[in-house]
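Colleague: Below is one structure. I have some questions about it.
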Amino acid sequence: MENALTPPLDLPARVLPMAAMPAGGEAVTLAGVIRHFGAVHAVDGVDLRVARGELFGLIGHNGAGKSTLFKLMLGLIAPGAGEIRIDGTLVSGAEFRSVRRKIGYLPENVVLYDNLTGLETLYFFADLKSVPRRDCAAVLERVGLAQAARRRVREYSKGMRQRLGFAQALLGRPQLLFLDEPTNGLDPEAIREFYAILRELKAQGVTMILTSHILAEIQERVDRLAIMAQGKILELGTVQALREKMDLPLWFEVKLAHADFSAVREALGNLPICAIEARDDHVAVQCRRESKMAVIAALAALGGRVLDLNVREPSLEDVFFGFGD
Amino acid sequence: MNVEPHQIATIAAKEFWDRLRNRWVLAVALVFTAFALVIAYFGAAQQGVIGFQSIDVTIASLVSLAIYLIPLIALILGFDAIVGERERGSLDLLLSLPITRLELLLGKYCGLAAALAFSTIAGFGLVGVLLAVKLDTSALFHYAGFMVSALLLGLSFLSLAVMVSVFAPDRTRASGLALALWFFFVLVFDLLLLGALVLTGGQYGGEIFPWLMLLNPADVFRVLNIFSLDQVRTLYGLATVFPEGLAAPWKLGLIMCAWIVAPLALAAWRFKR
């Protein structure tokens with residue numbers, strides 16, 4: 001792996017996308033979009049609106065329809081029915097070519113040209129996007145590939161290829177980014193730097209739609225997300241709203257001075273507890289959200305016998321599997 | 001539809017430089033040079049003579065070679081132009097950019113055509129330069145005509161290859177289809193015509209055979225060259241049934257151009273769907 005993504009704060013302004021889209025309004029609108037492949041309902045009646053400047057997550061099992069939805073939004077395939085607009089322009093219309101100049105796309109399995117160097121790869125994409133070639137070096141530096149700019153892509157690791165793919169998506173100051181499994185192959189440090197770039201872009205008003213299988217990775221980062229299954233959007237909202245909607249129970253992890261399991265059971269008395277389990281060095285208590293404060297008060301009454309207390313909210317993974325079930 | 005030439009040029013330049021960089025152009029040019037030199041100097045060895053004899057015999061021998069070699073090289077060059085990108089997964093990324101499918105297709109074709117043209121002109125041109133001291137203006141003109149027709153032959157089979165690359169669902173089937181086309185046009189087509197001619201005892205449809213030959217770019221190439229060489233015209237069987245009025249070089253040249261345009265147009269139509 002090459003050096004980690006470095007955040008050069010003194011980049012030329014033109015290299016990174018700026019908040020060119022007006023505040024408010026919708027960057028992406030899908031209305032009744034259907035796409036079937038024979039008997040497979042890849043996308044089945046999807047309605048979706050993504051606001052300008054929003055960081056939107058799309059999650060679902062393999063085959064849920066996320067990549068097909070991406071292809072539809074990018075105009076790579078036509079919908080069987082319904083309408084897709086990007087920045088107010090119909091994806092199927094002739095005017096969509098000019099909108100494409102504002103779009104960056106990182107596919108799930110990015111395939112670049114092995115015989116080109118990193119810099120030549122960006123030159124090629126810059127030419128097709130009508131972006132000045134002089135911008136390429138700065139973008140490569142931004143994704144941490146400056147040292148490898150003149151090396152052939154065939155010598156790149158998977159993570160470096162992913163970063164080069166991200167670099168081509170960033171070319172031309174896109175106002176809308178489609179990122180399909182963008183952290184594939186990145187090491188933890190590179191993932192952190194990747195999201196740091198996304199934060200910068202978000203601050204500049206760039207709209208981003210991303211998919212990921214690593215739910216823990218996106219749950220604290222996206223503004224809203226949609227859960228897809230069998231070509232449909234099952235649920236849509238902020239992570240917190242989805243948690244509340246699912247009304248999943250919370251877990252308390254109580255570490256006691258003398259592993260006094262019965263003391264906890266006694267303290268919680270008649271409170272509506274879902275479950276109580278003795279674990280290695282603590283007691284785990286599960287309860288509904290509305291009982292949260294009552295449980296805390298009851299545990300506080302144990303005084304010095306409680307060494308530590310952690311409250312674990314349901315994760316996005318819990319929410320995802322909850323909806324899946 | 002609005003076609004942006006710089007998008008075509010960008011794709012074409014990449015294709016061309018890829019072939020130049022991986023030495024494809026050099027290798028093919030050397031193959032053409034080597035074969036042309038051997039044929040020019042040893043073509044008459046069967047008659048017990050070594051060395052350059054006449055331009056007519058040399059071109060006739062070169063035609064026999066080129067008719068097998070050039071279509072094969074062109075088909076190998078172009079069969080995965082689109083299907084290869086699709087199979088590797090890079091097609092979606094390309095098409096997400098501000099480039100139309102037509103521009104991508106034309107860019108691919110132009111880049112590959114430039115590589116093929118460069119190899120053909122360099123390979124045969126080098127031999128032409130070496131032979132120049134022994135050729136008069138008329139002979140040089142014939143040799144130049146052979147080079148141009150060889151180029152058209154290559155471009156027409158490249159067009160067929162690109163068409164195959166659009167229609168085929170994967171690279172394996174594309175390569176199979178490309179080979180099948182080569183067999184059909186280069187080996188089978190003339191046999192079918194000759195067989196039909198023999199079966200009918202030459203009594204029926206004799207007048208349509210020349211027209212049927214136009215359905216094969218390899219035959220058009222052969223006729224184009226053989227009809228311009230008085231010495232060898234009589235040596236060729238099927239070509240001699242060709243009416244002289246239809247054999248005007250400009251007409252045959254136009255037909256070769258049609259063989260370039262038609263498969264490409266079909267490919268563009270399919271690729272847009």
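Labeling convention for the structure tokens: chains A, B, ... as they appear, residues from 1 per chain, ligands from 1 in order of appearance.
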Which polymer residues have any atom within 12 Å of an atom of range 34-38 of chain B, counting only C-alpha atoms, with same-chain residues fewer than 4 positions away left out, as a PyMOL selection string?

Modeller: chain B and resi 27-30+42-45+50-52+55+58-66+69-70+120-131+143+146-147

Colleague: Which neighbours of range 244-253 of chain A fall inside 12 Å, counting only C-alpha atoms, when residues of the same chain fewer than 2 positions from it are skipped, and could you give them as a tab-separated table (two decimals) with all heavy atoms, in the first residue's frame?

Modeller:
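So the final result, stored in part_21.tsv, reads:
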```tsv
chain	number	residue	atom	x	y	z
A	235	GLU	N	-37.21	0.99	3.44
A	235	GLU	CA	-37.28	2.09	4.40
A	235	GLU	C	-36.36	3.21	3.97
A	235	GLU	O	-35.36	2.96	3.30
A	235	GLU	CB	-36.86	1.60	5.80
A	235	GLU	CG	-37.86	0.68	6.46
A	235	GLU	CD	-39.23	1.31	6.72
A	235	GLU	OE1	-39.30	2.55	6.85
A	235	GLU	OE2	-40.21	0.56	6.78
A	236	LEU	N	-36.71	4.40	4.41
A	236	LEU	CA	-35.94	5.57	4.01
A	236	LEU	C	-35.95	6.57	5.15
A	236	LEU	O	-37.02	6.83	5.71
A	236	LEU	CB	-36.63	6.17	2.76
A	236	LEU	CG	-36.06	7.42	2.12
A	236	LEU	CD1	-34.74	7.12	1.46
A	236	LEU	CD2	-37.03	7.94	1.08
A	237	GLY	N	-34.82	7.09	5.50
A	237	GLY	CA	-34.79	8.10	6.56
A	237	GLY	C	-33.41	8.23	7.17
A	237	GLY	O	-32.45	7.63	6.68
A	238	THR	N	-33.32	9.01	8.25
A	238	THR	CA	-32.03	9.12	8.94
A	238	THR	C	-31.84	7.82	9.73
A	238	THR	O	-32.81	7.10	10.01
A	238	THR	CB	-32.03	10.31	9.93
A	238	THR	OG1	-33.05	10.08	10.90
A	238	THR	CG2	-32.30	11.62	9.21
A	239	VAL	N	-30.60	7.58	10.11
A	239	VAL	CA	-30.32	6.36	10.87
A	239	VAL	C	-31.13	6.38	12.18
A	239	VAL	O	-31.75	5.38	12.56
A	239	VAL	CB	-28.81	6.24	11.17
A	239	VAL	CG1	-28.53	5.05	12.08
A	239	VAL	CG2	-28.03	6.10	9.87
A	240	GLN	N	-31.18	7.55	12.81
A	240	GLN	CA	-31.90	7.67	14.07
A	240	GLN	C	-33.40	7.42	13.87
A	240	GLN	O	-34.03	6.71	14.65
A	240	GLN	CB	-31.66	9.07	14.69
A	240	GLN	CG	-32.21	9.24	16.09
A	240	GLN	CD	-31.66	8.19	17.07
A	240	GLN	OE1	-30.53	7.70	16.92
A	240	GLN	NE2	-32.47	7.80	18.05
A	241	ALA	N	-33.94	7.99	12.80
A	241	ALA	CA	-35.37	7.82	12.53
A	241	ALA	C	-35.69	6.34	12.27
A	241	ALA	O	-36.72	5.84	12.72
A	241	ALA	CB	-35.79	8.66	11.33
A	242	LEU	N	-34.78	5.68	11.59
A	242	LEU	CA	-35.02	4.25	11.30
A	242	LEU	C	-34.92	3.44	12.59
A	242	LEU	O	-35.69	2.51	12.80
A	242	LEU	CB	-34.01	3.73	10.26
A	242	LEU	CG	-34.16	4.32	8.86
A	242	LEU	CD1	-33.11	3.74	7.93
A	242	LEU	CD2	-35.55	4.03	8.30
A	255	LYS	N	-20.91	-3.15	34.50
A	255	LYS	CA	-19.76	-3.84	35.10
A	255	LYS	C	-19.83	-3.66	36.60
A	255	LYS	O	-19.90	-2.52	37.09
A	255	LYS	CB	-18.46	-3.26	34.53
A	255	LYS	CG	-17.27	-4.15	34.75
A	255	LYS	CD	-16.09	-3.70	33.91
A	255	LYS	CE	-14.94	-4.66	34.12
A	255	LYS	NZ	-13.75	-4.18	33.40
A	256	LEU	N	-19.84	-4.76	37.32
A	256	LEU	CA	-20.03	-4.70	38.77
A	256	LEU	C	-18.75	-5.07	39.51
A	256	LEU	O	-17.90	-5.79	38.98
A	256	LEU	CB	-21.14	-5.69	39.18
A	256	LEU	CG	-22.52	-5.39	38.56
A	256	LEU	CD1	-23.38	-6.61	38.59
A	256	LEU	CD2	-23.18	-4.25	39.32
A	264	VAL	N	-28.28	-6.88	40.48
A	264	VAL	CA	-28.83	-6.16	39.33
A	264	VAL	C	-30.28	-6.59	39.12
A	264	VAL	O	-31.18	-5.75	38.93
A	264	VAL	CB	-28.00	-6.43	38.05
A	264	VAL	CG1	-28.63	-5.80	36.83
A	264	VAL	CG2	-26.59	-5.91	38.23
A	272	PRO	N	-39.94	-3.13	33.14
A	272	PRO	CA	-40.16	-4.00	31.95
A	272	PRO	C	-38.85	-4.27	31.19
A	272	PRO	O	-38.49	-3.55	30.28
A	272	PRO	CB	-41.14	-3.20	31.09
A	272	PRO	CG	-40.94	-1.79	31.50
A	272	PRO	CD	-40.46	-1.77	32.91
A	273	ILE	N	-38.16	-5.27	31.63
A	273	ILE	CA	-36.87	-5.63	31.02
A	273	ILE	C	-37.10	-6.73	29.98
A	273	ILE	O	-37.86	-7.66	30.22
A	273	ILE	CB	-35.91	-6.17	32.12
A	273	ILE	CG1	-35.65	-5.10	33.18
A	273	ILE	CG2	-34.58	-6.62	31.49
A	273	ILE	CD1	-35.04	-3.83	32.66
A	274	CYS	N	-36.42	-6.58	28.85
A	274	CYS	CA	-36.58	-7.60	27.79
A	274	CYS	C	-35.72	-8.83	28.09
A	274	CYS	O	-36.12	-9.96	27.85
A	274	CYS	CB	-36.17	-7.05	26.43
A	274	CYS	SG	-37.13	-5.62	25.95
A	275	ALA	N	-34.47	-8.53	28.54
A	275	ALA	CA	-33.56	-9.66	28.80
A	275	ALA	C	-32.50	-9.22	29.79
A	275	ALA	O	-32.17	-8.03	29.88
A	275	ALA	CB	-32.90	-10.11	27.51
A	276	ILE	N	-31.98	-10.16	30.50
A	276	ILE	CA	-30.86	-9.88	31.41
A	276	ILE	C	-29.94	-11.10	31.37
A	276	ILE	O	-30.39	-12.22	31.52
A	276	ILE	CB	-31.33	-9.52	32.83
A	276	ILE	CG1	-30.14	-9.24	33.74
A	276	ILE	CG2	-32.24	-10.57	33.44
A	276	ILE	CD1	-30.54	-8.48	35.01
A	277	GLU	N	-28.65	-10.85	31.07
A	277	GLU	CA	-27.72	-11.97	30.86
A	277	GLU	C	-26.41	-11.68	31.60
A	277	GLU	O	-25.93	-10.55	31.56
A	277	GLU	CB	-27.37	-12.12	29.37
A	277	GLU	CG	-28.55	-12.43	28.49
A	277	GLU	CD	-28.21	-12.27	26.99
A	277	GLU	OE1	-27.02	-12.00	26.67
A	277	GLU	OE2	-29.13	-12.38	26.18
A	278	ALA	N	-25.87	-12.70	32.20
A	278	ALA	CA	-24.54	-12.57	32.79
A	278	ALA	C	-23.52	-12.89	31.72
A	278	ALA	O	-23.60	-13.93	31.07
A	278	ALA	CB	-24.40	-13.52	33.96
A	279	ARG	N	-22.60	-11.96	31.50
A	279	ARG	CA	-21.54	-12.21	30.50
A	279	ARG	C	-20.19	-12.24	31.21
A	279	ARG	O	-20.15	-12.16	32.44
A	279	ARG	CB	-21.61	-11.16	29.40
A	279	ARG	CG	-22.90	-11.31	28.59
A	279	ARG	CD	-22.96	-10.39	27.39
A	279	ARG	NE	-24.23	-10.56	26.70
A	279	ARG	CZ	-24.70	-9.72	25.81
A	279	ARG	NH1	-24.02	-8.64	25.47
A	279	ARG	NH2	-25.87	-9.95	25.22
A	280	ASP	N	-19.11	-12.32	30.44
A	280	ASP	CA	-17.77	-12.53	31.02
A	280	ASP	C	-17.53	-11.70	32.28
A	280	ASP	O	-17.38	-12.22	33.35
A	280	ASP	CB	-16.70	-12.19	29.99
A	280	ASP	CG	-16.79	-13.14	28.81
A	280	ASP	OD1	-17.41	-14.22	28.97
A	280	ASP	OD2	-16.29	-12.83	27.72
A	281	ASP	N	-17.47	-10.36	32.07
A	281	ASP	CA	-17.13	-9.51	33.21
A	281	ASP	C	-18.21	-8.46	33.46
A	281	ASP	O	-17.98	-7.47	34.12
A	281	ASP	CB	-15.78	-8.82	32.96
A	281	ASP	CG	-15.83	-7.92	31.75
A	281	ASP	OD1	-16.76	-8.11	30.93
A	281	ASP	OD2	-14.97	-7.04	31.63
A	282	HIS	N	-19.37	-8.67	32.89
A	282	HIS	CA	-20.44	-7.69	33.09
A	282	HIS	C	-21.81	-8.35	32.96
A	282	HIS	O	-21.92	-9.52	32.57
A	282	HIS	CB	-20.30	-6.52	32.13
A	282	HIS	CG	-20.52	-6.89	30.70
A	282	HIS	ND1	-19.51	-7.40	29.90
A	282	HIS	CD2	-21.63	-6.86	29.93
A	282	HIS	CE1	-20.01	-7.63	28.70
A	282	HIS	NE2	-21.29	-7.32	28.69
A	283	VAL	N	-22.81	-7.55	33.24
A	283	VAL	CA	-24.19	-8.02	33.07
A	283	VAL	C	-24.80	-7.20	31.94
A	283	VAL	O	-24.64	-5.98	31.88
A	283	VAL	CB	-25.00	-7.80	34.37
A	283	VAL	CG1	-26.46	-8.21	34.17
A	283	VAL	CG2	-24.38	-8.59	35.51
A	284	ALA	N	-25.45	-7.87	31.03
A	284	ALA	CA	-26.09	-7.19	29.91
A	284	ALA	C	-27.59	-7.15	30.14
A	284	ALA	O	-28.21	-8.17	30.45
A	284	ALA	CB	-25.78	-7.90	28.60
A	285	VAL	N	-28.14	-5.93	30.02
A	285	VAL	CA	-29.57	-5.75	30.26
A	285	VAL	C	-30.20	-5.16	29.00
A	285	VAL	O	-29.70	-4.17	28.46
A	285	VAL	CB	-29.82	-4.78	31.45
A	285	VAL	CG1	-31.31	-4.57	31.68
A	285	VAL	CG2	-29.13	-5.30	32.69
A	286	GLN	N	-31.25	-5.78	28.54
A	286	GLN	CA	-31.91	-5.26	27.35
A	286	GLN	C	-33.29	-4.74	27.74
A	286	GLN	O	-34.03	-5.40	28.47
A	286	GLN	CB	-32.06	-6.38	26.31
A	286	GLN	CG	-32.47	-5.88	24.94
A	286	GLN	CD	-32.78	-7.04	23.98
A	286	GLN	OE1	-33.38	-8.03	24.39
A	286	GLN	NE2	-32.37	-6.90	22.74
A	287	CYS	N	-33.57	-3.49	27.26
A	287	CYS	CA	-34.90	-2.94	27.57
A	287	CYS	C	-35.37	-2.06	26.43
A	287	CYS	O	-34.61	-1.69	25.55
A	287	CYS	CB	-34.84	-2.11	28.86
A	287	CYS	SG	-33.93	-0.58	28.66
A	288	ARG	N	-36.62	-1.69	26.44
A	288	ARG	CA	-37.15	-0.82	25.38
A	288	ARG	C	-36.71	0.61	25.68
A	288	ARG	O	-36.38	0.96	26.82
A	288	ARG	CB	-38.67	-0.93	25.34
A	288	ARG	CG	-39.16	-2.37	25.18
A	288	ARG	CD	-40.29	-2.47	24.20
A	288	ARG	NE	-39.87	-2.19	22.85
A	288	ARG	CZ	-39.34	-3.13	22.03
A	288	ARG	NH1	-39.16	-4.36	22.42
A	288	ARG	NH2	-39.01	-2.81	20.80
A	289	ARG	N	-36.74	1.41	24.61
A	289	ARG	CA	-36.25	2.79	24.72
A	289	ARG	C	-37.00	3.58	25.82
A	289	ARG	O	-36.39	4.35	26.55
A	289	ARG	CB	-36.41	3.47	23.35
A	289	ARG	CG	-35.88	4.89	23.27
A	289	ARG	CD	-35.90	5.39	21.84
A	289	ARG	NE	-35.03	4.57	21.00
A	289	ARG	CZ	-33.71	4.73	20.92
A	289	ARG	NH1	-33.14	5.70	21.59
A	289	ARG	NH2	-32.99	3.94	20.18
A	290	GLU	N	-38.30	3.36	25.94
A	290	GLU	CA	-39.08	4.15	26.90
A	290	GLU	C	-38.72	3.83	28.36
A	290	GLU	O	-39.01	4.61	29.27
A	290	GLU	CB	-40.59	3.99	26.67
A	290	GLU	CG	-41.11	2.57	26.73
A	290	GLU	CD	-41.11	1.88	25.38
A	290	GLU	OE1	-40.37	2.31	24.49
A	290	GLU	OE2	-41.87	0.90	25.21
A	291	SER	N	-38.03	2.69	28.56
A	291	SER	CA	-37.65	2.34	29.93
A	291	SER	C	-36.23	2.77	30.25
A	291	SER	O	-35.72	2.51	31.36
A	291	SER	CB	-37.74	0.82	30.12
A	291	SER	OG	-38.99	0.34	29.73
A	292	LYS	N	-35.61	3.42	29.30
A	292	LYS	CA	-34.17	3.72	29.43
A	292	LYS	C	-33.85	4.49	30.72
A	292	LYS	O	-32.98	4.07	31.50
A	292	LYS	CB	-33.74	4.54	28.21
A	292	LYS	CG	-32.28	4.95	28.18
A	292	LYS	CD	-32.01	5.74	26.88
A	292	LYS	CE	-30.64	6.31	26.85
A	292	LYS	NZ	-30.44	7.12	25.62
A	293	MET	N	-34.55	5.59	30.98
A	293	MET	CA	-34.22	6.42	32.14
A	293	MET	C	-34.53	5.70	33.46
A	293	MET	O	-33.78	5.83	34.43
A	293	MET	CB	-35.00	7.76	32.07
A	293	MET	CG	-34.59	8.63	30.89
A	293	MET	SD	-32.80	8.77	30.65
A	293	MET	CE	-32.32	9.63	32.14
A	295	VAL	N	-34.33	2.51	33.95
A	295	VAL	CA	-33.26	1.52	34.15
A	295	VAL	C	-32.00	2.21	34.69
A	295	VAL	O	-31.35	1.72	35.63
A	295	VAL	CB	-32.97	0.75	32.85
A	295	VAL	CG1	-31.69	-0.08	32.95
A	295	VAL	CG2	-34.14	-0.14	32.47
A	296	ILE	N	-31.68	3.36	34.13
A	296	ILE	CA	-30.49	4.09	34.59
A	296	ILE	C	-30.65	4.46	36.07
A	296	ILE	O	-29.73	4.29	36.88
A	296	ILE	CB	-30.24	5.34	33.71
A	296	ILE	CG1	-29.80	4.90	32.32
A	296	ILE	CG2	-29.21	6.26	34.34
A	296	ILE	CD1	-29.66	6.02	31.31
A	299	LEU	N	-30.21	1.40	38.27
A	299	LEU	CA	-28.81	0.97	38.35
A	299	LEU	C	-27.99	1.96	39.19
A	299	LEU	O	-27.08	1.56	39.92
A	299	LEU	CB	-28.20	0.83	36.95
A	299	LEU	CG	-28.77	-0.32	36.11
A	299	LEU	CD1	-28.25	-0.24	34.68
A	299	LEU	CD2	-28.40	-1.67	36.72
A	306	VAL	N	-21.53	-0.49	41.15
A	306	VAL	CA	-21.42	-0.40	39.67
A	306	VAL	C	-20.10	0.29	39.32
A	306	VAL	O	-19.87	1.44	39.69
A	306	VAL	CB	-22.60	0.40	39.06
A	306	VAL	CG1	-22.42	0.56	37.56
A	306	VAL	CG2	-23.92	-0.29	39.38
A	307	LEU	N	-19.23	-0.44	38.64
A	307	LEU	CA	-17.94	0.15	38.25
A	307	LEU	C	-18.04	0.92	36.93
A	307	LEU	O	-17.35	1.90	36.71
A	307	LEU	CB	-16.90	-0.97	38.09
A	307	LEU	CG	-16.56	-1.76	39.34
A	307	LEU	CD1	-15.53	-2.84	39.02
A	307	LEU	CD2	-16.01	-0.84	40.43
A	308	ASP	N	-18.88	0.43	36.05
A	308	ASP	CA	-18.97	1.07	34.72
A	308	ASP	C	-20.34	0.76	34.12
A	308	ASP	O	-20.93	-0.28	34.41
A	308	ASP	CB	-17.86	0.54	33.80
A	308	ASP	CG	-17.62	1.45	32.61
A	308	ASP	OD1	-18.23	2.54	32.56
A	308	ASP	OD2	-16.84	1.06	31.72
A	309	LEU	N	-20.78	1.67	33.23
A	309	LEU	CA	-22.09	1.46	32.59
A	309	LEU	C	-22.02	1.97	31.14
A	309	LEU	O	-21.64	3.12	30.90
A	309	LEU	CB	-23.17	2.23	33.35
A	309	LEU	CG	-24.57	2.22	32.76
A	309	LEU	CD1	-25.19	0.82	32.79
A	309	LEU	CD2	-25.48	3.18	33.52
A	310	ASN	N	-22.32	1.11	30.21
A	310	ASN	CA	-22.36	1.51	28.80
A	310	ASN	C	-23.76	1.29	28.25
A	310	ASN	O	-24.37	0.27	28.52
A	310	ASN	CB	-21.40	0.67	27.96
A	310	ASN	CG	-19.97	1.08	28.18
A	310	ASN	OD1	-19.67	2.26	28.19
A	310	ASN	ND2	-19.11	0.11	28.41
A	311	VAL	N	-24.23	2.28	27.47
A	311	VAL	CA	-25.53	2.12	26.81
A	311	VAL	C	-25.24	1.92	25.33
A	311	VAL	O	-24.57	2.75	24.71
A	311	VAL	CB	-26.43	3.36	27.01
A	311	VAL	CG1	-27.80	3.12	26.37
A	311	VAL	CG2	-26.57	3.69	28.48
A	312	ARG	N	-25.70	0.82	24.81
A	312	ARG	CA	-25.44	0.55	23.38
A	312	ARG	C	-26.75	0.67	22.60
A	312	ARG	O	-27.68	-0.10	22.80
A	312	ARG	CB	-24.85	-0.86	23.18
A	312	ARG	CG	-24.23	-1.04	21.81
A	312	ARG	CD	-23.37	-2.30	21.75
A	312	ARG	NE	-24.16	-3.52	21.83
A	312	ARG	CZ	-24.83	-4.04	20.79
A	312	ARG	NH1	-24.81	-3.44	19.62
A	312	ARG	NH2	-25.51	-5.16	20.93
A	313	GLU	N	-26.76	1.73	21.72
A	313	GLU	CA	-27.92	1.94	20.84
A	313	GLU	C	-27.91	0.85	19.77
A	313	GLU	O	-26.84	0.33	19.43
A	313	GLU	CB	-27.79	3.31	20.15
A	313	GLU	CG	-28.00	4.51	21.05
A	313	GLU	CD	-29.47	4.85	21.24
A	313	GLU	OE1	-30.31	4.28	20.50
A	313	GLU	OE2	-29.78	5.65	22.14
A	314	PRO	N	-29.06	0.52	19.22
A	314	PRO	CA	-29.04	-0.44	18.11
A	314	PRO	C	-28.23	0.11	16.94
A	314	PRO	O	-28.34	1.31	16.62
A	314	PRO	CB	-30.51	-0.62	17.72
A	314	PRO	CG	-31.29	0.35	18.52
A	314	PRO	CD	-30.41	0.99	19.54
A	315	SER	N	-27.38	-0.71	16.38
A	315	SER	CA	-26.54	-0.25	15.27
A	315	SER	C	-27.35	-0.27	13.97
A	315	SER	O	-28.46	-0.83	13.92
A	315	SER	CB	-25.34	-1.16	15.11
A	315	SER	OG	-25.78	-2.43	14.70
A	316	LEU	N	-26.76	0.32	12.95
A	316	LEU	CA	-27.41	0.28	11.64
A	316	LEU	C	-27.59	-1.18	11.19
A	316	LEU	O	-28.56	-1.52	10.52
A	316	LEU	CB	-26.58	1.05	10.62
A	316	LEU	CG	-27.14	1.13	9.20
A	316	LEU	CD1	-28.55	1.68	9.18
A	316	LEU	CD2	-26.24	1.97	8.32
A	317	GLU	N	-26.62	-1.99	11.60
A	317	GLU	CA	-26.71	-3.41	11.26
A	317	GLU	C	-27.94	-4.04	11.90
A	317	GLU	O	-28.68	-4.79	11.26
A	317	GLU	CB	-25.44	-4.11	11.74
A	317	GLU	CG	-25.18	-5.41	11.05
A	317	GLU	CD	-23.75	-5.85	11.31
A	317	GLU	OE1	-22.86	-5.27	10.67
A	317	GLU	OE2	-23.54	-6.73	12.14
A	318	ASP	N	-28.19	-3.68	13.17
A	318	ASP	CA	-29.38	-4.18	13.86
A	318	ASP	C	-30.64	-3.72	13.12
A	318	ASP	O	-31.58	-4.48	12.93
A	318	ASP	CB	-29.44	-3.68	15.30
A	318	ASP	CG	-28.26	-4.16	16.13
A	318	ASP	OD1	-27.80	-5.28	15.86
A	318	ASP	OD2	-27.81	-3.42	17.02
A	319	VAL	N	-30.62	-2.43	12.73
A	319	VAL	CA	-31.78	-1.87	12.02
A	319	VAL	C	-31.98	-2.60	10.69
A	319	VAL	O	-33.08	-3.01	10.35
A	319	VAL	CB	-31.58	-0.36	11.77
A	319	VAL	CG1	-32.70	0.20	10.88
A	319	VAL	CG2	-31.52	0.39	13.08
A	320	PHE	N	-30.84	-2.78	9.98
A	320	PHE	CA	-30.89	-3.42	8.67
A	320	PHE	C	-31.47	-4.83	8.76
A	320	PHE	O	-32.38	-5.20	8.05
A	320	PHE	CB	-29.48	-3.45	8.09
A	320	PHE	CG	-29.37	-4.17	6.78
A	320	PHE	CD1	-29.96	-3.65	5.65
A	320	PHE	CD2	-28.69	-5.37	6.68
A	320	PHE	CE1	-29.87	-4.31	4.43
A	320	PHE	CE2	-28.58	-6.03	5.48
A	320	PHE	CZ	-29.18	-5.50	4.35
A	321	PHE	N	-30.93	-5.59	9.72
A	321	PHE	CA	-31.43	-6.96	9.85
A	321	PHE	C	-32.86	-6.97	10.40
A	321	PHE	O	-33.64	-7.85	10.06
A	321	PHE	CB	-30.49	-7.80	10.73
A	321	PHE	CG	-29.23	-8.17	10.00
A	321	PHE	CD1	-28.00	-7.72	10.41
A	321	PHE	CD2	-29.31	-8.95	8.86
A	321	PHE	CE1	-26.84	-8.04	9.72
A	321	PHE	CE2	-28.15	-9.29	8.16
A	321	PHE	CZ	-26.92	-8.83	8.59
A	322	GLY	N	-33.18	-5.96	11.20
A	322	GLY	CA	-34.55	-5.84	11.71
A	322	GLY	C	-35.54	-5.67	10.58
A	322	GLY	O	-36.55	-6.37	10.48
A	323	PHE	N	-35.20	-4.77	9.64
A	323	PHE	CA	-36.08	-4.55	8.48
A	323	PHE	C	-36.07	-5.77	7.56
A	323	PHE	O	-37.07	-6.12	6.97
A	323	PHE	CB	-35.69	-3.30	7.72
A	323	PHE	CG	-36.22	-2.05	8.35
A	323	PHE	CD1	-35.37	-1.11	8.91
A	323	PHE	CD2	-37.59	-1.82	8.41
A	323	PHE	CE1	-35.87	0.04	9.50
A	323	PHE	CE2	-38.09	-0.67	9.00
A	323	PHE	CZ	-37.23	0.27	9.56
A	324	GLY	N	-34.87	-6.34	7.45
A	324	GLY	CA	-34.76	-7.53	6.60
A	324	GLY	C	-35.67	-8.65	7.07
A	324	GLY	O	-36.32	-9.31	6.29
A	325	ASP	N	-35.72	-8.80	8.39
A	325	ASP	CA	-36.58	-9.84	8.96
A	325	ASP	C	-38.06	-9.52	8.74
A	325	ASP	O	-38.89	-10.40	8.64
A	325	ASP	CB	-36.32	-9.99	10.46
A	325	ASP	CG	-34.92	-10.54	10.71
A	325	ASP	OD1	-34.36	-11.14	9.78
A	325	ASP	OD2	-34.39	-10.36	11.81
```

Colleague: Return the single residue from B:Lys14, B:His6, B:Arg222, B:Arg19 that is closest to Leu116 in chain B, with distances computed using only C-alpha atoms.

Modeller: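 Checking each candidate against Leu116 in chain B, we get B:Arg19 as the closest.
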
Colleague: Once you count only C-alpha atoms, what closest atom pair and distance in Å to one decimal does each residue of chain B within 9 Å of chain A have, with rows by chain and rising residue number, as a tab-separated table?

Modeller:
```
residue	atom	partner	partner_atom	distance
B:Met1	CA	A:Ala94	CA	8.3
B:Asn2	CA	A:Ala94	CA	8.8
B:His6	CA	A:Leu128	CA	8.2
B:Gln7	CA	A:Leu128	CA	6.0
B:Thr10	CA	A:Asp127	CA	6.7
B:Ile11	CA	A:Leu128	CA	8.3
B:Lys14	CA	A:Phe124	CA	7.7
B:Asp18	CA	A:Asn115	CA	7.5
B:Arg21	CA	A:Asn115	CA	8.5
B:Asn22	CA	A:Asn115	CA	8.4
B:Arg88	CA	A:Val111	CA	6.7
B:Gly89	CA	A:Val111	CA	6.1
B:Ser90	CA	A:Val111	CA	5.3
B:Asp92	CA	A:Leu76	CA	6.7
B:Leu93	CA	A:Pro107	CA	6.8
B:Leu94	CA	A:Phe125	CA	8.6
B:Leu95	CA	A:Leu76	CA	6.6
B:Ser96	CA	A:Leu74	CA	6.1
B:Leu97	CA	A:Arg100	CA	6.0
B:Pro98	CA	A:Arg97	CA	5.2
B:Ile99	CA	A:Leu128	CA	7.1
B:Thr100	CA	A:Arg97	CA	8.0
```
